[in-house]
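Participant: File name final.cif; file contents mmCIF, C-alpha atoms; full text below.
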```
data_entry
loop_
_atom_site.group_PDB
_atom_site.id
_atom_site.type_symbol
_atom_site.label_atom_id
_atom_site.label_comp_id
_atom_site.auth_asym_id
_atom_site.auth_seq_id
_atom_site.Cartn_x
_atom_site.Cartn_y
_atom_site.Cartn_z
ATOM 1 C CA MET A 1 61.937 -26.243 -19.652
ATOM 2 C CA PRO A 2 59.048 -25.737 -17.263
ATOM 3 C CA SER A 3 55.715 -26.485 -18.781
ATOM 4 C CA ALA A 4 53.459 -23.585 -19.601
ATOM 5 C CA ALA A 5 50.628 -22.844 -17.205
ATOM 6 C CA PRO A 6 47.256 -24.116 -18.415
ATOM 7 C CA THR A 7 45.231 -21.525 -20.239
ATOM 8 C CA GLU A 8 41.793 -20.824 -18.834
ATOM 9 C CA SER A 9 38.998 -20.929 -21.332
ATOM 10 C CA PRO A 10 37.625 -17.449 -21.958
ATOM 11 C CA THR A 11 34.219 -16.649 -20.491
ATOM 12 C CA GLU A 12 31.602 -16.667 -23.194
ATOM 13 C CA ARG A 13 30.252 -13.177 -23.756
ATOM 14 C CA TRP A 14 26.523 -12.675 -23.391
ATOM 15 C CA ASP A 15 24.934 -11.830 -26.726
ATOM 16 C CA VAL A 16 21.293 -10.803 -26.644
ATOM 17 C CA HIS A 17 21.060 -11.627 -30.356
ATOM 18 C CA SER A 18 22.244 -15.199 -29.793
ATOM 19 C CA LEU A 19 20.840 -16.520 -26.533
ATOM 20 C CA PRO A 20 21.831 -19.955 -25.181
ATOM 21 C CA ARG A 21 19.520 -22.814 -26.136
ATOM 22 C CA ALA A 22 16.810 -23.641 -23.615
ATOM 23 C CA ASP A 23 15.070 -26.611 -25.220
ATOM 24 C CA GLY A 24 12.755 -28.411 -22.821
ATOM 25 C CA LYS A 25 12.415 -25.449 -20.472
ATOM 26 C CA THR A 26 9.213 -23.528 -19.766
ATOM 27 C CA PHE A 27 9.046 -19.799 -19.073
ATOM 28 C CA LEU A 28 6.077 -17.663 -18.007
ATOM 29 C CA VAL A 29 6.138 -13.957 -18.881
ATOM 30 C CA THR A 30 3.503 -11.826 -17.195
ATOM 31 C CA GLY A 31 2.239 -9.073 -19.457
ATOM 32 C CA GLY A 32 3.920 -10.868 -22.341
ATOM 33 C CA ASN A 33 1.522 -9.542 -24.967
ATOM 34 C CA ALA A 34 2.991 -6.023 -25.259
ATOM 35 C CA GLY A 35 5.980 -3.779 -24.660
ATOM 36 C CA ILE A 36 9.024 -5.151 -22.876
ATOM 37 C CA GLY A 37 7.166 -8.351 -21.991
ATOM 38 C CA TYR A 38 6.512 -9.060 -25.650
ATOM 39 C CA PHE A 39 10.174 -8.658 -26.609
ATOM 40 C CA VAL A 40 11.248 -10.855 -23.682
ATOM 41 C CA ALA A 41 8.828 -13.536 -24.856
ATOM 42 C CA GLU A 42 9.928 -13.280 -28.487
ATOM 43 C CA GLN A 43 13.607 -13.613 -27.567
ATOM 44 C CA LEU A 44 12.967 -16.539 -25.218
ATOM 45 C CA ALA A 45 10.944 -18.292 -27.931
ATOM 46 C CA GLY A 46 14.048 -18.232 -30.091
ATOM 47 C CA THR A 47 15.892 -20.407 -27.566
ATOM 48 C CA GLY A 48 13.629 -23.402 -28.168
ATOM 49 C CA ALA A 49 11.885 -23.071 -24.808
ATOM 50 C CA THR A 50 8.125 -23.190 -24.308
ATOM 51 C CA VAL A 51 7.019 -19.619 -23.591
ATOM 52 C CA VAL A 52 3.703 -18.864 -21.911
ATOM 53 C CA LEU A 53 2.291 -15.352 -22.078
ATOM 54 C CA GLY A 54 0.251 -14.312 -19.043
ATOM 55 C CA SER A 55 -2.368 -11.783 -20.128
ATOM 56 C CA ARG A 56 -5.844 -10.618 -19.119
ATOM 57 C CA ALA A 57 -6.684 -9.704 -22.730
ATOM 58 C CA PRO A 58 -7.103 -12.863 -24.885
ATOM 59 C CA ASP A 59 -7.318 -10.925 -28.155
ATOM 60 C CA ARG A 60 -4.051 -9.112 -27.499
ATOM 61 C CA ALA A 61 -2.403 -12.331 -26.370
ATOM 62 C CA ASP A 62 -3.544 -14.075 -29.559
ATOM 63 C CA ALA A 63 -2.038 -11.255 -31.622
ATOM 64 C CA ALA A 64 1.252 -11.499 -29.703
ATOM 65 C CA VAL A 65 1.399 -15.278 -30.159
ATOM 66 C CA ALA A 66 0.786 -14.891 -33.902
ATOM 67 C CA SER A 67 3.485 -12.224 -34.152
ATOM 68 C CA ILE A 68 6.053 -14.342 -32.309
ATOM 69 C CA ARG A 69 5.296 -17.368 -34.492
ATOM 70 C CA SER A 70 5.729 -15.250 -37.614
ATOM 71 C CA ARG A 71 9.157 -14.076 -36.441
ATOM 72 C CA VAL A 72 10.409 -17.260 -34.764
ATOM 73 C CA PRO A 73 9.894 -20.360 -36.923
ATOM 74 C CA GLY A 74 8.718 -23.299 -34.840
ATOM 75 C CA ALA A 75 8.138 -21.159 -31.750
ATOM 76 C CA ARG A 76 6.525 -22.989 -28.842
ATOM 77 C CA VAL A 77 4.360 -20.204 -27.475
ATOM 78 C CA ARG A 78 0.886 -19.998 -25.974
ATOM 79 C CA HIS A 79 -0.975 -17.895 -23.437
ATOM 80 C CA ILE A 80 -2.999 -18.236 -20.262
ATOM 81 C CA ARG A 81 -5.433 -15.831 -18.670
ATOM 82 C CA LEU A 82 -3.706 -13.858 -15.934
ATOM 83 C CA ASP A 83 -5.353 -10.990 -14.051
ATOM 84 C CA LEU A 84 -3.025 -9.693 -11.351
ATOM 85 C CA ALA A 85 -5.769 -7.377 -10.093
ATOM 86 C CA ASP A 86 -7.851 -10.401 -9.057
ATOM 87 C CA LEU A 87 -5.914 -12.222 -6.358
ATOM 88 C CA SER A 88 -8.488 -15.008 -6.082
ATOM 89 C CA SER A 89 -7.912 -15.980 -9.738
ATOM 90 C CA LEU A 90 -4.170 -16.568 -9.522
ATOM 91 C CA GLU A 91 -4.267 -20.145 -8.261
ATOM 92 C CA ALA A 92 -6.275 -21.090 -11.350
ATOM 93 C CA SER A 93 -3.762 -19.254 -13.556
ATOM 94 C CA ALA A 94 -0.920 -21.307 -12.087
ATOM 95 C CA GLU A 95 -2.901 -24.496 -12.662
ATOM 96 C CA ALA A 96 -3.597 -23.432 -16.264
ATOM 97 C CA LEU A 97 0.106 -23.784 -17.018
ATOM 98 C CA GLY A 98 -0.567 -27.531 -17.085
ATOM 99 C CA SER A 99 3.021 -28.298 -16.189
ATOM 100 C CA ASP A 100 4.736 -30.137 -13.351
ATOM 101 C CA ARG A 101 7.573 -27.603 -13.324
ATOM 102 C CA LEU A 102 8.376 -24.031 -14.317
ATOM 103 C CA ASP A 103 11.941 -22.991 -15.091
ATOM 104 C CA ALA A 104 11.354 -19.259 -14.733
ATOM 105 C CA VAL A 105 8.705 -16.609 -14.304
ATOM 106 C CA VAL A 106 9.376 -13.082 -15.546
ATOM 107 C CA HIS A 107 7.373 -10.658 -13.413
ATOM 108 C CA ASN A 108 6.984 -7.982 -16.066
ATOM 109 C CA ALA A 109 3.321 -6.935 -16.123
ATOM 110 C CA GLY A 110 2.413 -3.616 -14.596
ATOM 111 C CA VAL A 111 0.257 -0.525 -14.857
ATOM 112 C CA LYS A 112 1.020 3.165 -14.565
ATOM 113 C CA PHE A 113 -1.748 5.741 -14.346
ATOM 114 C CA ASP A 114 -1.249 9.403 -15.152
ATOM 115 C CA GLN A 115 -4.687 10.588 -14.082
ATOM 116 C CA PRO A 116 -4.911 12.053 -10.568
ATOM 117 C CA THR A 117 -7.887 9.950 -9.484
ATOM 118 C CA ARG A 118 -6.938 7.095 -7.173
ATOM 119 C CA ARG A 119 -8.136 3.703 -8.452
ATOM 120 C CA GLU A 120 -8.659 0.392 -6.682
ATOM 121 C CA THR A 121 -8.716 -3.241 -7.751
ATOM 122 C CA GLY A 122 -11.793 -5.365 -7.178
ATOM 123 C CA ASP A 123 -10.088 -6.595 -4.004
ATOM 124 C CA GLY A 124 -9.954 -3.033 -2.665
ATOM 125 C CA HIS A 125 -6.234 -2.397 -3.111
ATOM 126 C CA GLU A 126 -4.781 0.722 -4.699
ATOM 127 C CA ALA A 127 -4.495 -0.378 -8.312
ATOM 128 C CA MET A 128 -0.794 0.163 -9.053
ATOM 129 C CA PHE A 129 0.336 -1.323 -5.720
ATOM 130 C CA GLY A 130 -2.182 -4.147 -6.060
ATOM 131 C CA ILE A 131 -1.274 -5.135 -9.620
ATOM 132 C CA ASN A 132 2.437 -4.353 -9.790
ATOM 133 C CA HIS A 133 3.352 -5.771 -6.386
ATOM 134 C CA LEU A 134 0.607 -7.697 -4.594
ATOM 135 C CA GLY A 135 -0.470 -9.611 -7.706
ATOM 136 C CA HIS A 136 3.064 -10.794 -8.422
ATOM 137 C CA PHE A 137 3.627 -11.566 -4.729
ATOM 138 C CA ALA A 138 0.564 -13.828 -4.689
ATOM 139 C CA LEU A 139 1.375 -15.393 -8.056
ATOM 140 C CA THR A 140 4.833 -16.342 -6.787
ATOM 141 C CA HIS A 141 3.178 -18.221 -3.934
ATOM 142 C CA TRP A 142 1.147 -20.381 -6.312
ATOM 143 C CA LEU A 143 4.098 -20.939 -8.665
ATOM 144 C CA ALA A 144 6.548 -21.845 -5.890
ATOM 145 C CA PRO A 145 6.069 -25.656 -6.116
ATOM 146 C CA LEU A 146 6.566 -25.576 -9.898
ATOM 147 C CA LEU A 147 9.695 -23.429 -9.616
ATOM 148 C CA ALA A 148 11.120 -25.692 -6.923
ATOM 149 C CA ALA A 149 10.554 -28.717 -9.186
ATOM 150 C CA ALA A 150 12.851 -27.237 -11.851
ATOM 151 C CA PRO A 151 16.612 -27.848 -11.578
ATOM 152 C CA GLU A 152 17.347 -24.107 -11.303
ATOM 153 C CA GLY A 153 14.086 -22.184 -11.030
ATOM 154 C CA ARG A 154 14.216 -18.420 -11.421
ATOM 155 C CA VAL A 155 11.931 -15.599 -10.307
ATOM 156 C CA ILE A 156 12.829 -12.527 -12.363
ATOM 157 C CA THR A 157 11.378 -9.205 -11.212
ATOM 158 C CA THR A 158 11.316 -6.233 -13.557
ATOM 159 C CA GLY A 159 12.386 -3.133 -11.667
ATOM 160 C CA SER A 160 12.289 0.534 -12.621
ATOM 161 C CA PHE A 161 14.328 3.691 -12.172
ATOM 162 C CA ALA A 162 11.078 5.218 -10.900
ATOM 163 C CA ALA A 163 11.746 3.433 -7.606
ATOM 164 C CA THR A 164 15.104 5.098 -6.951
ATOM 165 C CA SER A 165 13.635 8.381 -5.718
ATOM 166 C CA GLU A 166 10.903 6.852 -3.552
ATOM 167 C CA ARG A 167 10.587 5.516 -0.027
ATOM 168 C CA LEU A 168 7.873 3.208 1.237
ATOM 169 C CA ASP A 169 5.493 4.608 3.827
ATOM 170 C CA LEU A 170 4.905 1.506 5.940
ATOM 171 C CA ASP A 171 1.920 3.185 7.582
ATOM 172 C CA ASP A 172 0.294 3.933 4.223
ATOM 173 C CA LEU A 173 1.502 1.358 1.689
ATOM 174 C CA GLU A 174 -1.529 1.902 -0.546
ATOM 175 C CA SER A 175 -1.339 5.698 -0.674
ATOM 176 C CA THR A 176 -4.667 6.434 0.977
ATOM 177 C CA ARG A 177 -3.390 9.753 2.384
ATOM 178 C CA ASP A 178 -0.997 11.183 -0.201
ATOM 179 C CA TYR A 179 -1.893 9.605 -3.536
ATOM 180 C CA GLU A 180 -0.005 11.036 -6.487
ATOM 181 C CA PRO A 181 0.301 8.852 -9.612
ATOM 182 C CA GLU A 182 4.053 9.132 -10.243
ATOM 183 C CA ARG A 183 4.945 8.676 -6.580
ATOM 184 C CA THR A 184 2.532 5.782 -6.103
ATOM 185 C CA TYR A 185 3.858 4.023 -9.204
ATOM 186 C CA GLY A 186 7.437 4.414 -7.979
ATOM 187 C CA ARG A 187 6.479 3.012 -4.597
ATOM 188 C CA SER A 188 4.760 0.027 -6.190
ATOM 189 C CA LYS A 189 7.900 -0.782 -8.169
ATOM 190 C CA LEU A 190 10.085 -0.282 -5.093
ATOM 191 C CA ALA A 191 7.911 -2.743 -3.167
ATOM 192 C CA GLN A 192 8.202 -5.217 -6.017
ATOM 193 C CA MET A 193 11.987 -4.901 -6.139
ATOM 194 C CA LEU A 194 12.391 -5.202 -2.368
ATOM 195 C CA PHE A 195 10.290 -8.358 -2.513
ATOM 196 C CA GLY A 196 12.614 -9.762 -5.183
ATOM 197 C CA PHE A 197 15.715 -9.126 -3.061
ATOM 198 C CA GLU A 198 14.167 -10.455 0.143
ATOM 199 C CA LEU A 199 12.836 -13.525 -1.631
ATOM 200 C CA ASP A 200 16.334 -14.362 -2.842
ATOM 201 C CA ARG A 201 17.751 -13.927 0.668
ATOM 202 C CA ARG A 202 15.173 -16.314 2.093
ATOM 203 C CA LEU A 203 15.624 -18.866 -0.695
ATOM 204 C CA ARG A 204 19.385 -18.946 -0.119
ATOM 205 C CA ALA A 205 18.855 -19.263 3.638
ATOM 206 C CA ILE A 206 16.936 -22.517 3.198
ATOM 207 C CA GLY A 207 19.312 -23.904 0.566
ATOM 208 C CA SER A 208 16.798 -23.699 -2.274
ATOM 209 C CA THR A 209 17.907 -24.134 -5.869
ATOM 210 C CA VAL A 210 15.468 -21.354 -6.857
ATOM 211 C CA ARG A 211 16.934 -17.862 -7.223
ATOM 212 C CA SER A 212 15.231 -14.475 -7.318
ATOM 213 C CA VAL A 213 16.747 -11.868 -9.650
ATOM 214 C CA VAL A 214 15.841 -8.193 -10.014
ATOM 215 C CA THR A 215 16.510 -6.493 -13.351
ATOM 216 C CA HIS A 216 16.128 -3.146 -15.000
ATOM 217 C CA PRO A 217 14.864 -3.773 -18.509
ATOM 218 C CA GLY A 218 15.702 -0.569 -20.338
ATOM 219 C CA GLY A 219 12.892 0.408 -22.670
ATOM 220 C CA ALA A 220 10.885 -0.880 -25.601
ATOM 221 C CA LEU A 221 8.669 0.613 -28.267
ATOM 222 C CA ASP A 222 5.011 -0.229 -27.780
ATOM 223 C CA SER A 223 1.774 0.309 -29.655
#
```
Translate the structure described by the file into structure tokens.

Facilitator:
Amino acid sequence: MPSAAPTESPTERWDVHSLPRADGKTFLVTGGNAGIGYFVAEQLAGTGATVVLGSRAPDRADAAVASIRSRVPGARVRHIRLDLADLSSLEASAEALGSDRLDAVVHNAGVKFDQPTRRETGDGHEAMFGINHLGHFALTHWLAPLLAAAPEGRVITTGSFAATSERLDLDDLESTRDYEPERTYGRSKLAQMLFGFELDRRLRAIGSTVRSVVTHPGGALDS
């Protein structure tokens, strides 16, 4: 009788409640002290990885670290100061990681303003565009050597459905002429997502082991 064809092993289903182990890896989560970023950090801590919360509010970061440690026994979690509105500070934030490699950065932090008044960062950029996109763009630059030093570095960009109805105005990226909070937020997220896709294209073109992934996170309860 002919022998039976070999049976392929079934693909393991992804289970958010039982993530694969990641002992020895280091992950940075921007805005990891609250909302979706907090839950990302808490889940990653459960994999055995070292999780670093990037936050501009030390008191909130301390509270998030304490909460994660109370829920994840033995969690390896700490925080660094990260202010995406201050582009000149981001090199120091990358150095504060104190690591020779970074396995992944989750670009999660962001702001959304409902008030009609247009705001700017200290660098003079429209605040939502400056923080949500430009800050993460610059941070990626400083993290690039650390990501490249990891076996399979990942840049993970948090997208938003708010971007689906927007188009970038390349002549007015920072909404100096037609500022409207909802539209400007959507454009900032669209810029961030387009950066994530283009970064991955360029990384593949040079044969890098680093990959750039864009995700939609769903939602999370916050304070």

Participant: Calculate how many Å separate CA of Ala149 (chain A) from CA of Gln192 (chain A), rounding to one decimal.

Facilitator: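 Atom-to-atom, CA of Ala149 (chain A) to CA of Gln192 (chain A), that is 23.8 Å.
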
Participant: Once the PyMOL selection byres ((chain A and resi 114-120) around 12) has been evaluated on this model, what residues remain selected, and can you format them as a list in words?

Facilitator: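 Answer for the PyMOL selection byres ((chain A and resi 114-120) around 12): Ala85, Asp86, Val111, Lys112, Phe113, Thr121, Gly122, Asp123, Gly124, His125, Glu126, Ala127, Met128, Phe129, Gly130, Ile131, Glu174, Ser175, Thr176, Arg177, Asp178, Tyr179, Glu180, Pro181, Glu182, Arg183, Thr184 and Tyr185 of chain A.
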
Participant: Can you pull out every residue within 12 Å of Thr164 (chain A), counting all atoms listed in the file, but drop anything in the same chain fewer than 4 positions away, and send it as a PyMOL selection string?

Facilitator: chain A and resi 159-160+168+183+185-191+193-194+216

Participant: Report as a PyMOL selection string the full result of the PyMOL selection byres ((chain A and resi 136) around 12) when it is applied to this structure.

Facilitator: chain A and resi 29-31+54+82-87+90-91+94+105-110+128-135+137-144+155-158+188-189+191-193+195-196

Participant: Rounded to one decimal place, report the CA of Ala61 (chain A)-CA of Tyr38 (chain A) distance in Å.

Facilitator: 9.5 Å

Participant: Between CA of Gly37 (chain A) and CA of Leu53 (chain A), what distance in Å does the model show, to one decimal?

Facilitator: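 These atoms are spaced 8.5 Å apart.
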
Participant: Between A:Glu42, A:Arg81, A:Asn33, A:Phe197, which one has atoms that come closest to Leu97 (chain A), using all atoms listed in the file?

Facilitator: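 Under the stated criterion, the closest residue is A:Arg81.
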
Participant: Which residue is closest to Gly153 (chain A)? Choose from A:Val213, A:Arg13, A:Asp172, A:Ser165 and count all atoms listed in the file.

Facilitator: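 For Gly153 (chain A), the nearest of the given residues is A:Val213.
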
Participant: Run through the PyMOL selection byres ((chain A and resi 27) around 7) on the given coordinates and return the selected residues as a list in words.

Facilitator: Lys25, Thr26, Leu28, Val29, Thr50, Val51, Val52, Leu102, Asp103, Ala104 and Val105 of chain A

Participant: Please return region 76-87 of chain A, rebuilt to all heavy atoms, as a short mmCIF file (atom, residue, chain, number, x, y, z; two decimals), keeping the file's coordinate frame.

Facilitator:
```cif
data_model
loop_
_atom_site.label_atom_id
_atom_site.label_comp_id
_atom_site.auth_asym_id
_atom_site.auth_seq_id
_atom_site.Cartn_x
_atom_site.Cartn_y
_atom_site.Cartn_z
N ARG A 76 7.45 -22.33 -29.76
CA ARG A 76 6.52 -22.99 -28.84
C ARG A 76 5.99 -21.91 -27.90
O ARG A 76 6.63 -21.60 -26.89
CB ARG A 76 7.24 -24.09 -28.06
CG ARG A 76 7.80 -25.21 -28.93
CD ARG A 76 8.52 -26.24 -28.06
NE ARG A 76 9.02 -27.36 -28.85
CZ ARG A 76 10.23 -27.39 -29.40
NH1 ARG A 76 11.05 -26.35 -29.26
NH2 ARG A 76 10.64 -28.43 -30.10
N VAL A 77 4.89 -21.33 -28.25
CA VAL A 77 4.36 -20.20 -27.48
C VAL A 77 2.85 -20.31 -27.37
O VAL A 77 2.17 -20.72 -28.32
CB VAL A 77 4.78 -18.86 -28.12
CG1 VAL A 77 4.28 -18.75 -29.56
CG2 VAL A 77 4.30 -17.68 -27.30
N ARG A 78 2.32 -20.01 -26.21
CA ARG A 78 0.89 -20.00 -25.97
C ARG A 78 0.60 -18.99 -24.87
O ARG A 78 1.51 -18.32 -24.37
CB ARG A 78 0.40 -21.39 -25.56
CG ARG A 78 1.06 -21.95 -24.31
CD ARG A 78 0.66 -23.39 -24.06
NE ARG A 78 1.33 -24.00 -22.93
CZ ARG A 78 0.89 -23.95 -21.68
NH1 ARG A 78 -0.27 -23.32 -21.39
NH2 ARG A 78 1.55 -24.52 -20.69
N HIS A 79 -0.66 -18.86 -24.50
CA HIS A 79 -0.98 -17.90 -23.44
C HIS A 79 -2.01 -18.47 -22.48
O HIS A 79 -2.76 -19.39 -22.81
CB HIS A 79 -1.45 -16.56 -24.02
CG HIS A 79 -2.78 -16.62 -24.72
ND1 HIS A 79 -3.99 -16.54 -24.06
CD2 HIS A 79 -3.10 -16.74 -26.03
CE1 HIS A 79 -4.98 -16.60 -24.92
NE2 HIS A 79 -4.46 -16.73 -26.14
N ILE A 80 -1.99 -17.92 -21.27
CA ILE A 80 -3.00 -18.24 -20.26
C ILE A 80 -3.61 -16.93 -19.78
O ILE A 80 -2.98 -15.86 -19.89
CB ILE A 80 -2.40 -19.00 -19.06
CG1 ILE A 80 -1.32 -18.17 -18.37
CG2 ILE A 80 -1.87 -20.36 -19.50
CD1 ILE A 80 -0.86 -18.73 -17.04
N ARG A 81 -4.81 -17.02 -19.24
CA ARG A 81 -5.43 -15.83 -18.67
C ARG A 81 -4.78 -15.53 -17.33
O ARG A 81 -4.65 -16.38 -16.47
CB ARG A 81 -6.94 -16.03 -18.47
CG ARG A 81 -7.63 -14.76 -17.98
CD ARG A 81 -9.12 -14.97 -17.76
NE ARG A 81 -9.76 -13.73 -17.37
CZ ARG A 81 -9.75 -13.24 -16.13
NH1 ARG A 81 -9.13 -13.90 -15.16
NH2 ARG A 81 -10.34 -12.09 -15.85
N LEU A 82 -4.36 -14.28 -17.17
CA LEU A 82 -3.71 -13.86 -15.93
C LEU A 82 -4.17 -12.44 -15.60
O LEU A 82 -3.89 -11.50 -16.35
CB LEU A 82 -2.18 -13.89 -16.09
CG LEU A 82 -1.38 -13.43 -14.88
CD1 LEU A 82 -1.54 -14.41 -13.72
CD2 LEU A 82 0.09 -13.27 -15.23
N ASP A 83 -4.87 -12.30 -14.49
CA ASP A 83 -5.35 -10.99 -14.05
C ASP A 83 -4.79 -10.72 -12.66
O ASP A 83 -5.32 -11.20 -11.66
CB ASP A 83 -6.89 -10.96 -14.03
CG ASP A 83 -7.42 -9.57 -13.70
OD1 ASP A 83 -6.61 -8.67 -13.41
OD2 ASP A 83 -8.66 -9.39 -13.74
N LEU A 84 -3.71 -9.96 -12.62
CA LEU A 84 -3.02 -9.69 -11.35
C LEU A 84 -3.85 -8.81 -10.42
O LEU A 84 -3.53 -8.71 -9.23
CB LEU A 84 -1.67 -9.05 -11.62
CG LEU A 84 -0.66 -9.94 -12.35
CD1 LEU A 84 0.52 -9.11 -12.83
CD2 LEU A 84 -0.19 -11.08 -11.46
N ALA A 85 -4.90 -8.19 -10.94
CA ALA A 85 -5.77 -7.38 -10.09
C ALA A 85 -6.76 -8.23 -9.32
O ALA A 85 -7.40 -7.74 -8.38
CB ALA A 85 -6.53 -6.36 -10.95
N ASP A 86 -6.90 -9.49 -9.69
CA ASP A 86 -7.85 -10.40 -9.06
C ASP A 86 -7.07 -11.50 -8.35
O ASP A 86 -6.73 -12.52 -8.94
CB ASP A 86 -8.79 -10.99 -10.11
CG ASP A 86 -9.84 -11.92 -9.53
OD1 ASP A 86 -9.87 -12.07 -8.28
OD2 ASP A 86 -10.61 -12.50 -10.31
N LEU A 87 -6.77 -11.30 -7.09
CA LEU A 87 -5.91 -12.22 -6.36
C LEU A 87 -6.51 -13.62 -6.27
O LEU A 87 -5.79 -14.61 -6.26
CB LEU A 87 -5.62 -11.68 -4.95
CG LEU A 87 -4.90 -10.33 -4.89
CD1 LEU A 87 -4.66 -9.92 -3.44
CD2 LEU A 87 -3.59 -10.38 -5.66
#
```
